[in-house]
$ cat structure_29.pdb   # PDB, C-alpha atoms and all ligand atoms
ATOM      1  CA  MET C   1      15.187  -8.687   7.780  1.00  0.00           C
ATOM      2  CA  ALA C   2      14.010  -5.441   6.347  1.00  0.00           C
ATOM      3  CA  ASN C   3      10.366  -4.579   6.287  1.00  0.00           C
ATOM      4  CA  VAL C   4       8.833  -3.721   2.988  1.00  0.00           C
ATOM      5  CA  CYS C   5       5.664  -1.855   2.181  1.00  0.00           C
ATOM      6  CA  LYS C   6       2.806  -4.307   1.786  1.00  0.00           C
ATOM      7  CA  LYS C   7       1.407  -2.326  -1.078  1.00  0.00           C
ATOM      8  CA  CYS C   8       4.288  -1.149  -3.232  1.00  0.00           C
ATOM      9  CA  GLY C   9       7.156  -3.241  -1.839  1.00  0.00           C
ATOM     10  CA  LYS C  10       9.271  -0.236  -0.939  1.00  0.00           C
ATOM     11  CA  PRO C  11      11.790  -0.939   1.858  1.00  0.00           C
ATOM     12  CA  LEU C  12      10.748   0.516   5.182  1.00  0.00           C
ATOM     13  CA  PRO C  13      12.929   1.770   8.068  1.00  0.00           C
ATOM     14  CA  MET C  14      13.762  -0.722  10.829  1.00  0.00           C
ATOM     15  CA  ASN C  15      11.620   0.913  13.496  1.00  0.00           C
ATOM     16  CA  TYR C  16       8.783   1.665  11.160  1.00  0.00           C
ATOM     17  CA  LYS C  17       5.463   0.944  12.862  1.00  0.00           C
ATOM     18  CA  HIS C  18       3.273   0.638   9.815  1.00  0.00           C
ATOM     19  CA  LYS C  19       3.068  -2.123   7.244  1.00  0.00           C
ATOM     20  CA  LYS C  20       2.846   0.347   4.421  1.00  0.00           C
ATOM     21  CA  CYS C  21       5.132   3.203   3.474  1.00  0.00           C
ATOM     22  CA  GLU C  22       4.141   6.764   4.208  1.00  0.00           C
ATOM     23  CA  ARG C  23       3.113   7.409   0.638  1.00  0.00           C
ATOM     24  CA  CYS C  24       0.805   4.398   0.514  1.00  0.00           C
ATOM     25  CA  ILE C  25      -0.691   5.342   3.885  1.00  0.00           C
ATOM     26  CA  ASN C  26      -1.390   8.822   2.570  1.00  0.00           C
ATOM     27  CA  GLU C  27      -2.845   7.354  -0.592  1.00  0.00           C
ATOM     28  CA  GLN C  28      -5.025   5.025   1.441  1.00  0.00           C
ATOM     29  CA  ALA C  29      -6.190   7.878   3.655  1.00  0.00           C
ATOM     30  CA  GLU C  30      -7.095   9.829   0.549  1.00  0.00           C
ATOM     31  CA  THR C  31      -9.007   6.839  -0.847  1.00  0.00           C
ATOM     32  CA  ILE C  32     -10.862   6.348   2.419  1.00  0.00           C
ATOM     33  CA  ARG C  33     -11.765  10.031   2.450  1.00  0.00           C
ATOM     34  CA  LYS C  34     -13.058   9.777  -1.117  1.00  0.00           C
ATOM     35  CA  ILE C  35     -15.034   6.612  -0.351  1.00  0.00           C
ATOM     36  CA  GLY C  36     -16.392   8.247   2.789  1.00  0.00           C
ATOM     37  CA  LYS C  37     -17.524  11.225   0.749  1.00  0.00           C
ATOM     38  CA  ILE C  38     -19.189   9.021  -1.861  1.00  0.00           C
ATOM     39  CA  GLY C  39     -20.660   6.806   0.851  1.00  0.00           C
ATOM     40  CA  GLY C  40     -22.028   9.840   2.671  1.00  0.00           C
ATOM     41  CA  THR C  41     -23.621  11.122  -0.513  1.00  0.00           C
ATOM     42  CA  LEU C  42     -25.139   7.737  -1.289  1.00  0.00           C
ATOM     43  CA  LEU C  43     -26.409   7.449   2.258  1.00  0.00           C
ATOM     44  CA  SER C  44     -28.133  10.816   2.141  1.00  0.00           C
ATOM     45  CA  VAL C  45     -29.637   9.964  -1.243  1.00  0.00           C
ATOM     46  CA  ALA C  46     -30.811   6.606   0.107  1.00  0.00           C
ATOM     47  CA  LEU C  47     -32.281   8.297   3.162  1.00  0.00           C
ATOM     48  CA  LEU C  48     -34.018  10.795   0.930  1.00  0.00           C
ATOM     49  CA  VAL C  49     -35.480   7.986  -1.161  1.00  0.00           C
ATOM     50  CA  VAL C  50     -36.576   6.069   1.932  1.00  0.00           C
ATOM     51  CA  THR C  51     -38.107   9.173   3.467  1.00  0.00           C
ATOM     52  CA  LYS C  52     -39.896  10.044   0.241  1.00  0.00           C
ATOM     53  CA  GLY C  53     -41.089   6.469  -0.163  1.00  0.00           C
ATOM     54  CA  LYS C  54     -42.581   6.524   3.318  1.00  0.00           C
ATOM     55  CA  LYS C  55     -44.260   9.860   2.774  1.00  0.00           C
ATOM     56  CA  THR C  56     -45.780   8.727  -0.530  1.00  0.00           C
ATOM     57  CA  LYS C  57     -47.268   5.680   1.112  1.00  0.00           C
TER
HETATM   58 ZN    ZN C 101       4.193   1.815  -0.314  1.00  0.00          ZN
END

$ encode --input "structure_29.pdb" --output "structure tokens"
Amino acid sequence: MANVCKKCGKPLPMNYKHKKCERCINEQAETIRKIGKIGGTLLSVALLVVTKGKKTK
């Protein structure tokens, strides 16, 4: 029974440890990095708003 990538269905090597192929893992890592960047920006904006809101009150 050959393993296939959970994302794109590409056949994976027998001793492959991951459930996704290398390309999909890289893609996912890239997506996580992008989300992390966006999340970090949103968080700092939210913090700024919260801080400003507290100072105004
Ligand atoms: Zn894949």

$ closest_residue --input "structure_29.pdb" --among "C:Ile25, C:Cys8, C:Leu48, C:Met14" --to "ligand ZN 101 (chain C)" --atoms "all atoms listed in the file"
C:Cys8

$ residues_near_ligand --input "structure_29.pdb" --ligand "ligand ZN 101 (chain C)" --cutoff "7 Å" --atoms "only C-alpha atoms and all ligand atoms" --output "list in words"
Cys5, Lys6, Lys7, Cys8, Gly9, Lys10, Lys20, Cys21, Glu22, Arg23 and Cys24 of chain C

$ closest_residue --input "structure_29.pdb" --among "C:Val45, C:Lys37, C:Val50, C:Asn3" --to "Asn15 (chain C)" --atoms "all atoms listed in the file"
C:Asn3

$ atom_distance --input "structure_29.pdb" --atom1 "CA of Thr51 (chain C)" --atom2 "CA of Thr31 (chain C)"
29.5 Å

$ axis_aligned_box --input "structure_29.pdb" --around "region 24-34 of chain C" --padding-each-side "5 Å" --output "JSON"
{"center_x": -6.1, "center_y": 7.2, "center_z": 1.4, "size_x": 23.9, "size_y": 15.6, "size_z": 15.0}

$ closest_residue --input "structure_29.pdb" --among "C:Leu47, C:Lys54, C:Ile38, C:Ala2" --to "Lys19 (chain C)" --atoms "all atoms listed in the file"
C:Ala2

$ atom_distance --input "structure_29.pdb" --atom1 "CA of Glu27 (chain C)" --atom2 "CA of Leu12 (chain C)"
16.3 Å

$ atom_distance --input "structure_29.pdb" --atom1 "CA of Val4 (chain C)" --atom2 "CA of Glu30 (chain C)"
21.1 Å

$ build_atoms --input "structure_29.pdb" --residues "region 23-49 of chain C" --atoms "N, CA and C atoms" --output "PDB file, in the frame of the given file"
ATOM      1  N   ARG C  23       3.836   7.001   1.842  1.00  0.00           N
ATOM      2  CA  ARG C  23       3.113   7.409   0.638  1.00  0.00           C
ATOM      3  C   ARG C  23       1.842   6.580   0.460  1.00  0.00           C
ATOM      4  N   CYS C  24       1.967   5.270   0.664  1.00  0.00           N
ATOM      5  CA  CYS C  24       0.805   4.398   0.514  1.00  0.00           C
ATOM      6  C   CYS C  24      -0.227   4.677   1.599  1.00  0.00           C
ATOM      7  N   ILE C  25       0.241   5.012   2.806  1.00  0.00           N
ATOM      8  CA  ILE C  25      -0.691   5.342   3.885  1.00  0.00           C
ATOM      9  C   ILE C  25      -1.461   6.607   3.522  1.00  0.00           C
ATOM     10  N   ASN C  26      -0.736   7.589   2.998  1.00  0.00           N
ATOM     11  CA  ASN C  26      -1.390   8.822   2.570  1.00  0.00           C
ATOM     12  C   ASN C  26      -2.384   8.548   1.450  1.00  0.00           C
ATOM     13  N   GLU C  27      -1.970   7.708   0.521  1.00  0.00           N
ATOM     14  CA  GLU C  27      -2.845   7.354  -0.592  1.00  0.00           C
ATOM     15  C   GLU C  27      -4.106   6.669  -0.080  1.00  0.00           C
ATOM     16  N   GLN C  28      -3.901   5.754   0.869  1.00  0.00           N
ATOM     17  CA  GLN C  28      -5.025   5.025   1.441  1.00  0.00           C
ATOM     18  C   GLN C  28      -5.964   5.981   2.178  1.00  0.00           C
ATOM     19  N   ALA C  29      -5.382   6.903   2.922  1.00  0.00           N
ATOM     20  CA  ALA C  29      -6.190   7.878   3.655  1.00  0.00           C
ATOM     21  C   ALA C  29      -7.020   8.698   2.682  1.00  0.00           C
ATOM     22  N   GLU C  30      -6.402   9.053   1.581  1.00  0.00           N
ATOM     23  CA  GLU C  30      -7.095   9.829   0.549  1.00  0.00           C
ATOM     24  C   GLU C  30      -8.254   9.016  -0.032  1.00  0.00           C
ATOM     25  N   THR C  31      -7.979   7.729  -0.290  1.00  0.00           N
ATOM     26  CA  THR C  31      -9.007   6.839  -0.847  1.00  0.00           C
ATOM     27  C   THR C  31     -10.160   6.694   0.135  1.00  0.00           C
ATOM     28  N   ILE C  32      -9.822   6.515   1.405  1.00  0.00           N
ATOM     29  CA  ILE C  32     -10.862   6.348   2.419  1.00  0.00           C
ATOM     30  C   ILE C  32     -11.713   7.612   2.494  1.00  0.00           C
ATOM     31  N   ARG C  33     -11.031   8.761   2.401  1.00  0.00           N
ATOM     32  CA  ARG C  33     -11.765  10.031   2.450  1.00  0.00           C
ATOM     33  C   ARG C  33     -12.726  10.137   1.263  1.00  0.00           C
ATOM     34  N   LYS C  34     -12.223   9.718   0.090  1.00  0.00           N
ATOM     35  CA  LYS C  34     -13.058   9.777  -1.117  1.00  0.00           C
ATOM     36  C   LYS C  34     -14.247   8.833  -0.982  1.00  0.00           C
ATOM     37  N   ILE C  35     -13.964   7.605  -0.521  1.00  0.00           N
ATOM     38  CA  ILE C  35     -15.034   6.612  -0.351  1.00  0.00           C
ATOM     39  C   ILE C  35     -16.041   7.120   0.676  1.00  0.00           C
ATOM     40  N   GLY C  36     -15.518   7.707   1.752  1.00  0.00           N
ATOM     41  CA  GLY C  36     -16.392   8.247   2.789  1.00  0.00           C
ATOM     42  C   GLY C  36     -17.307   9.320   2.225  1.00  0.00           C
ATOM     43  N   LYS C  37     -16.741  10.154   1.360  1.00  0.00           N
ATOM     44  CA  LYS C  37     -17.524  11.225   0.749  1.00  0.00           C
ATOM     45  C   LYS C  37     -18.622  10.630  -0.134  1.00  0.00           C
ATOM     46  N   ILE C  38     -18.228   9.666  -0.965  1.00  0.00           N
ATOM     47  CA  ILE C  38     -19.189   9.021  -1.861  1.00  0.00           C
ATOM     48  C   ILE C  38     -20.239   8.286  -1.038  1.00  0.00           C
ATOM     49  N   GLY C  39     -19.756   7.552  -0.019  1.00  0.00           N
ATOM     50  CA  GLY C  39     -20.660   6.806   0.851  1.00  0.00           C
ATOM     51  C   GLY C  39     -21.647   7.732   1.537  1.00  0.00           C
ATOM     52  N   GLY C  40     -21.167   8.872   2.006  1.00  0.00           N
ATOM     53  CA  GLY C  40     -22.028   9.840   2.671  1.00  0.00           C
ATOM     54  C   GLY C  40     -23.086  10.370   1.719  1.00  0.00           C
ATOM     55  N   THR C  41     -22.678  10.635   0.484  1.00  0.00           N
ATOM     56  CA  THR C  41     -23.621  11.122  -0.513  1.00  0.00           C
ATOM     57  C   THR C  41     -24.678  10.070  -0.811  1.00  0.00           C
ATOM     58  N   LEU C  42     -24.213   8.832  -0.998  1.00  0.00           N
ATOM     59  CA  LEU C  42     -25.139   7.737  -1.289  1.00  0.00           C
ATOM     60  C   LEU C  42     -26.102   7.541  -0.139  1.00  0.00           C
ATOM     61  N   LEU C  43     -25.586   7.659   1.067  1.00  0.00           N
ATOM     62  CA  LEU C  43     -26.409   7.449   2.258  1.00  0.00           C
ATOM     63  C   LEU C  43     -27.500   8.511   2.338  1.00  0.00           C
ATOM     64  N   SER C  44     -27.130   9.752   2.076  1.00  0.00           N
ATOM     65  CA  SER C  44     -28.133  10.816   2.141  1.00  0.00           C
ATOM     66  C   SER C  44     -29.158  10.659   1.029  1.00  0.00           C
ATOM     67  N   VAL C  45     -28.711  10.210  -0.130  1.00  0.00           N
ATOM     68  CA  VAL C  45     -29.637   9.964  -1.243  1.00  0.00           C
ATOM     69  C   VAL C  45     -30.586   8.824  -0.872  1.00  0.00           C
ATOM     70  N   ALA C  46     -30.005   7.754  -0.306  1.00  0.00           N
ATOM     71  CA  ALA C  46     -30.811   6.606   0.107  1.00  0.00           C
ATOM     72  C   ALA C  46     -31.823   7.015   1.171  1.00  0.00           C
ATOM     73  N   LEU C  47     -31.386   7.819   2.105  1.00  0.00           N
ATOM     74  CA  LEU C  47     -32.281   8.297   3.162  1.00  0.00           C
ATOM     75  C   LEU C  47     -33.407   9.120   2.565  1.00  0.00           C
ATOM     76  N   LEU C  48     -33.042   9.942   1.603  1.00  0.00           N
ATOM     77  CA  LEU C  48     -34.018  10.795   0.930  1.00  0.00           C
ATOM     78  C   LEU C  48     -35.069   9.928   0.247  1.00  0.00           C
ATOM     79  N   VAL C  49     -34.582   8.889  -0.445  1.00  0.00           N
ATOM     80  CA  VAL C  49     -35.480   7.986  -1.161  1.00  0.00           C
ATOM     81  C   VAL C  49     -36.396   7.276  -0.167  1.00  0.00           C
TER      82      VAL C  49
END
